[in-house]
Amino acid sequence: MNIIQITEEGLKDKNWNLEEKAKYIYHISCEYFTYDTRYYFANKNLKEELRERKLDLENVEDNRVVCTSHAREVCIPLLKLIGIDGTVIDANTHGKVEFYLNQESYIMDATGVLDFMRVKLKRNTMGFYPENRKREYTNADNLYVKKIDQNIGYIQENYFMIEKNFCKTEDDITTKMHCIQEFLKNQKNIVSYYDAMKTISYLEQYLFEYFDYEKINEIELFQDLQGNWDIEKVFFIEERLKTTYFLLKEVENSYIFQEISEEQANQEIKTHQGWNRKSLFR
């Protein structure tokens with residue numbers, strides 16, 4: 001995948017100002033990349049390796065990044081295409097990009113605000129803003145920012161909103177999880193485990209009532225097989241007289257999300273590591 005070529009083609013013959021071009025580049029950096037979930041579970045050496053990983057944007061074979069590698073290896077080279085010099089700031093805590101437009105400091109910070117998922121769903125972004133006007137730029141009702149996103153073709157008229165008939169809030173949790181499963185099937189841009197995981201969390205906030213959270217437990221699991229990582233999440237739902245299990249699993253740079261049996265859930269727990277894995281054992 002040649003990100004440089006994709007970006008240059010998108011910018012070609014566009015009568016956009018520099019802010020619009022920078023916003024377009026930010027969207028590209030979120031649309032074609034995803035967060036590397038290994039970082040959550042990695043030891044000190046692997047964390048360092050993931051932070052320092054180099055990328056060839058003309059030949060991207062692995063699109064997983066963490067905050068510093070996304071800032072340094074993706075955002076800054078793409079900004080240079082439009083003549084903007086960016087700088088990685090806060091690299092030792094949470095790396096993000098700072099650049100200047102009309103002598104005003106702007107920030108690009110996709111990983112800290114889930115913009116990988118938000119951009120793929122065509123929602124308003126939270127990680128692109130002038131440093132002193134963050135609240136203004138991250139407001140979905142800001143007409144100025146919405147106009148930018150319309151001009152660069154990111155949205156037609158409005159940002160993505162869940163349809164009212166998507167699922168009923170009075171349904172049981174298992175039914176809601178099946179609604180989420182069906183939703184993900186129809187989202188062609190959500191192809192990575194991380195983006196699927198964050199989409200599920202987003203939909204849970206929309207669908208779940210307060211008492212629903214008392215009935216569901218989510219167990220994050222991983223297995224490092226000599227560098228070949230197996231990462232997944234088991235959803236454990238207890239409702240009245242039935243118990244239901246769902247599995248979200250990373251599979252060959254994609255994912256599966258499906259209902260599974262209790263036996264399979266327990267097998268996943270026994271063969272993987274994870275800080276709260278024992279909460280599923282009977």
# chains A, B, ... in the order shown; residues from 1 in each chain; ligands from 1
$ closest_atom_pairs --of "region 210-280 of chain A" --to "region 183-201 of chain A" --cutoff "7 Å" --atoms "only C-alpha atoms" --output "CSV"
residue,atom,partner,partner_atom,distance
A:Lys249,CA,A:Tyr193,CA,6.9
A:Glu250,CA,A:Tyr193,CA,5.2
A:Asn253,CA,A:Ser192,CA,6.2
A:Ser254,CA,A:Ser192,CA,4.7
A:Tyr255,CA,A:Tyr193,CA,5.2
$ residues_around --residues "Ser261 (chain A)" --least-positions-apart "3" --cutoff "7 Å" --atoms "only C-alpha atoms" --output "number ranges by chain"
A: 245, 264-265
$ write_last_selection --atoms "C-alpha atoms" --output "JSON list (two decimals), in the first residue's frame"
[["chain", "number", "residue", "atom", "x", "y", "z"],
["A", 245, "TYR", "CA", -20.54, -15.55, 25.32],
["A", 264, "GLN", "CA", -14.99, -22.41, 23.83],
["A", 265, "ALA", "CA", -14.96, -19.36, 26.13]]
$ residues_around --residues "Gly274 (chain A)" --least-positions-apart "2" --cutoff "12 Å" --atoms "only C-alpha atoms" --output "number ranges by chain"
A: 40-42, 218-224, 230-234, 268-272, 276-280
$ select_by_dssp --residues "region 53-232 of chain A" --states "strand (DSSP E)" --output "number ranges by chain"
A: 64-65, 87-89, 96-101, 104-108, 128-130, 216-225, 228-232
$ residues_around --residues "region 96-98 of chain A" --least-positions-apart "4" --cutoff "6 Å" --atoms "only C-alpha atoms" --output "number ranges by chain"
A: 71, 86-89, 106-109
$ write_last_selection --atoms "C-alpha atoms" --output "mmCIF file, in the first residue's frame"
data_model
loop_
_atom_site.group_PDB
_atom_site.id
_atom_site.type_symbol
_atom_site.label_atom_id
_atom_site.label_comp_id
_atom_site.auth_asym_id
_atom_site.auth_seq_id
_atom_site.Cartn_x
_atom_site.Cartn_y
_atom_site.Cartn_z
ATOM 1 C CA ALA A 71 3.181 10.965 14.676
ATOM 2 C CA GLY A 86 5.711 19.170 12.002
ATOM 3 C CA THR A 87 7.380 18.212 15.268
ATOM 4 C CA VAL A 88 6.777 15.277 17.595
ATOM 5 C CA ILE A 89 6.018 16.562 21.080
ATOM 6 C CA TYR A 106 -2.064 23.001 15.674
ATOM 7 C CA ILE A 107 -2.103 19.473 17.084
ATOM 8 C CA MET A 108 -2.552 16.036 15.470
ATOM 9 C CA ASP A 109 -3.281 13.372 18.095
#
$ atom_distance --atom1 "CA of Tyr129 (chain A)" --atom2 "CA of Ser69 (chain A)"
19.8 Å
$ closest_residue --among "A:Lys168, A:Arg51, A:Arg123, A:Arg64" --to "His94 (chain A)" --atoms "only C-alpha atoms"
A:Arg51
$ residues_around --residues "region 174-180 of chain A" --least-positions-apart "2" --cutoff "8 Å" --atoms "only C-alpha atoms" --output "mmCIF file with N, CA and C atoms, in the first residue's frame"
data_model
loop_
_atom_site.group_PDB
_atom_site.id
_atom_site.type_symbol
_atom_site.label_atom_id
_atom_site.label_comp_id
_atom_site.auth_asym_id
_atom_site.auth_seq_id
_atom_site.Cartn_x
_atom_site.Cartn_y
_atom_site.Cartn_z
ATOM 1 N N PHE A 166 -31.821 1.236 14.792
ATOM 2 C CA PHE A 166 -30.688 0.313 14.768
ATOM 3 C C PHE A 166 -30.903 -0.856 15.734
ATOM 4 N N CYS A 167 -31.364 -0.570 16.931
ATOM 5 C CA CYS A 167 -31.621 -1.599 17.937
ATOM 6 C C CYS A 167 -32.459 -0.951 19.042
ATOM 7 N N LYS A 168 -33.268 -1.738 19.711
ATOM 8 C CA LYS A 168 -34.124 -1.205 20.770
ATOM 9 C C LYS A 168 -33.395 -1.244 22.110
ATOM 10 N N THR A 169 -33.466 -0.155 22.844
ATOM 11 C CA THR A 169 -32.780 -0.106 24.134
ATOM 12 C C THR A 169 -33.398 -1.068 25.140
ATOM 13 N N ASP A 171 -34.271 -4.130 24.440
ATOM 14 C CA ASP A 171 -33.857 -5.500 24.131
ATOM 15 C C ASP A 171 -32.874 -6.008 25.173
ATOM 16 N N ASP A 172 -32.771 -7.354 25.291
ATOM 17 C CA ASP A 172 -31.768 -7.889 26.217
ATOM 18 C C ASP A 172 -30.370 -7.696 25.630
ATOM 19 N N GLU A 182 -24.152 -7.278 13.579
ATOM 20 C CA GLU A 182 -24.690 -6.979 12.254
ATOM 21 C C GLU A 182 -24.182 -5.619 11.764
ATOM 22 N N PHE A 183 -24.083 -4.671 12.683
ATOM 23 C CA PHE A 183 -23.569 -3.353 12.327
ATOM 24 C C PHE A 183 -22.145 -3.465 11.781
ATOM 25 N N LEU A 184 -21.294 -4.214 12.477
ATOM 26 C CA LEU A 184 -19.902 -4.351 12.050
ATOM 27 C C LEU A 184 -19.801 -5.017 10.677
ATOM 28 N N ILE A 200 -17.277 -1.416 19.010
ATOM 29 C CA ILE A 200 -18.160 -2.115 19.948
ATOM 30 C C ILE A 200 -18.361 -1.281 21.209
ATOM 31 N N LEU A 203 -20.710 1.593 20.464
ATOM 32 C CA LEU A 203 -22.101 1.183 20.342
ATOM 33 C C LEU A 203 -22.694 0.760 21.681
ATOM 34 N N LEU A 207 -26.208 1.941 23.227
ATOM 35 C CA LEU A 207 -27.300 0.982 23.390
ATOM 36 C C LEU A 207 -27.570 0.560 24.826
ATOM 37 N N ILE A 237 -21.914 -12.615 29.313
ATOM 38 C CA ILE A 237 -23.190 -11.963 29.612
ATOM 39 C C ILE A 237 -24.072 -12.890 30.442
ATOM 40 N N THR A 244 -24.502 -16.016 27.998
ATOM 41 C CA THR A 244 -24.095 -15.951 26.598
ATOM 42 C C THR A 244 -22.665 -15.451 26.510
#
$ decode --residues "region 148-163 of chain A" --atoms "N, CA and C atoms" --output "PDB file, in the first residue's frame"
ATOM      1  N   ILE A 148     -15.220  22.539   6.517  1.00  0.00           N
ATOM      2  CA  ILE A 148     -13.942  22.000   6.043  1.00  0.00           C
ATOM      3  C   ILE A 148     -14.115  20.547   5.629  1.00  0.00           C
ATOM      4  N   ASP A 149     -14.755  19.762   6.484  1.00  0.00           N
ATOM      5  CA  ASP A 149     -14.918  18.334   6.212  1.00  0.00           C
ATOM      6  C   ASP A 149     -15.822  18.086   5.009  1.00  0.00           C
ATOM      7  N   GLN A 150     -16.750  18.975   4.750  1.00  0.00           N
ATOM      8  CA  GLN A 150     -17.565  18.867   3.537  1.00  0.00           C
ATOM      9  C   GLN A 150     -16.751  19.240   2.302  1.00  0.00           C
ATOM     10  N   ASN A 151     -15.949  20.302   2.415  1.00  0.00           N
ATOM     11  CA  ASN A 151     -15.154  20.759   1.270  1.00  0.00           C
ATOM     12  C   ASN A 151     -14.156  19.711   0.801  1.00  0.00           C
ATOM     13  N   ILE A 152     -13.569  18.976   1.750  1.00  0.00           N
ATOM     14  CA  ILE A 152     -12.547  17.993   1.369  1.00  0.00           C
ATOM     15  C   ILE A 152     -13.161  16.616   1.099  1.00  0.00           C
ATOM     16  N   GLY A 153     -14.490  16.530   1.117  1.00  0.00           N
ATOM     17  CA  GLY A 153     -15.167  15.289   0.750  1.00  0.00           C
ATOM     18  C   GLY A 153     -15.208  14.230   1.828  1.00  0.00           C
ATOM     19  N   TYR A 154     -14.906  14.618   3.061  1.00  0.00           N
ATOM     20  CA  TYR A 154     -14.942  13.649   4.159  1.00  0.00           C
ATOM     21  C   TYR A 154     -16.377  13.251   4.473  1.00  0.00           C
ATOM     22  N   ILE A 155     -17.292  14.216   4.490  1.00  0.00           N
ATOM     23  CA  ILE A 155     -18.710  13.943   4.704  1.00  0.00           C
ATOM     24  C   ILE A 155     -19.524  14.636   3.620  1.00  0.00           C
ATOM     25  N   GLN A 156     -20.752  14.163   3.412  1.00  0.00           N
ATOM     26  CA  GLN A 156     -21.662  14.804   2.470  1.00  0.00           C
ATOM     27  C   GLN A 156     -22.310  16.030   3.111  1.00  0.00           C
ATOM     28  N   GLU A 157     -23.106  15.769   4.159  1.00  0.00           N
ATOM     29  CA  GLU A 157     -23.769  16.864   4.866  1.00  0.00           C
ATOM     30  C   GLU A 157     -23.472  16.833   6.360  1.00  0.00           C
ATOM     31  N   ASN A 158     -23.657  15.654   6.975  1.00  0.00           N
ATOM     32  CA  ASN A 158     -23.481  15.545   8.423  1.00  0.00           C
ATOM     33  C   ASN A 158     -22.564  14.383   8.779  1.00  0.00           C
ATOM     34  N   TYR A 159     -22.092  14.405  10.010  1.00  0.00           N
ATOM     35  CA  TYR A 159     -21.284  13.297  10.509  1.00  0.00           C
ATOM     36  C   TYR A 159     -22.165  12.083  10.771  1.00  0.00           C
ATOM     37  N   PHE A 160     -21.526  10.938  10.851  1.00  0.00           N
ATOM     38  CA  PHE A 160     -22.255   9.686  11.080  1.00  0.00           C
ATOM     39  C   PHE A 160     -23.048   9.723  12.385  1.00  0.00           C
ATOM     40  N   MET A 161     -24.292   9.276  12.292  1.00  0.00           N
ATOM     41  CA  MET A 161     -25.140   9.104  13.467  1.00  0.00           C
ATOM     42  C   MET A 161     -25.812   7.742  13.371  1.00  0.00           C
ATOM     43  N   ILE A 162     -25.974   7.078  14.505  1.00  0.00           N
ATOM     44  CA  ILE A 162     -26.636   5.780  14.513  1.00  0.00           C
ATOM     45  C   ILE A 162     -28.121   5.963  14.228  1.00  0.00           C
ATOM     46  N   GLU A 163     -28.659   5.144  13.346  1.00  0.00           N
ATOM     47  CA  GLU A 163     -30.079   5.223  13.034  1.00  0.00           C
ATOM     48  C   GLU A 163     -30.916   4.856  14.257  1.00  0.00           C
TER      49      GLU A 163
END
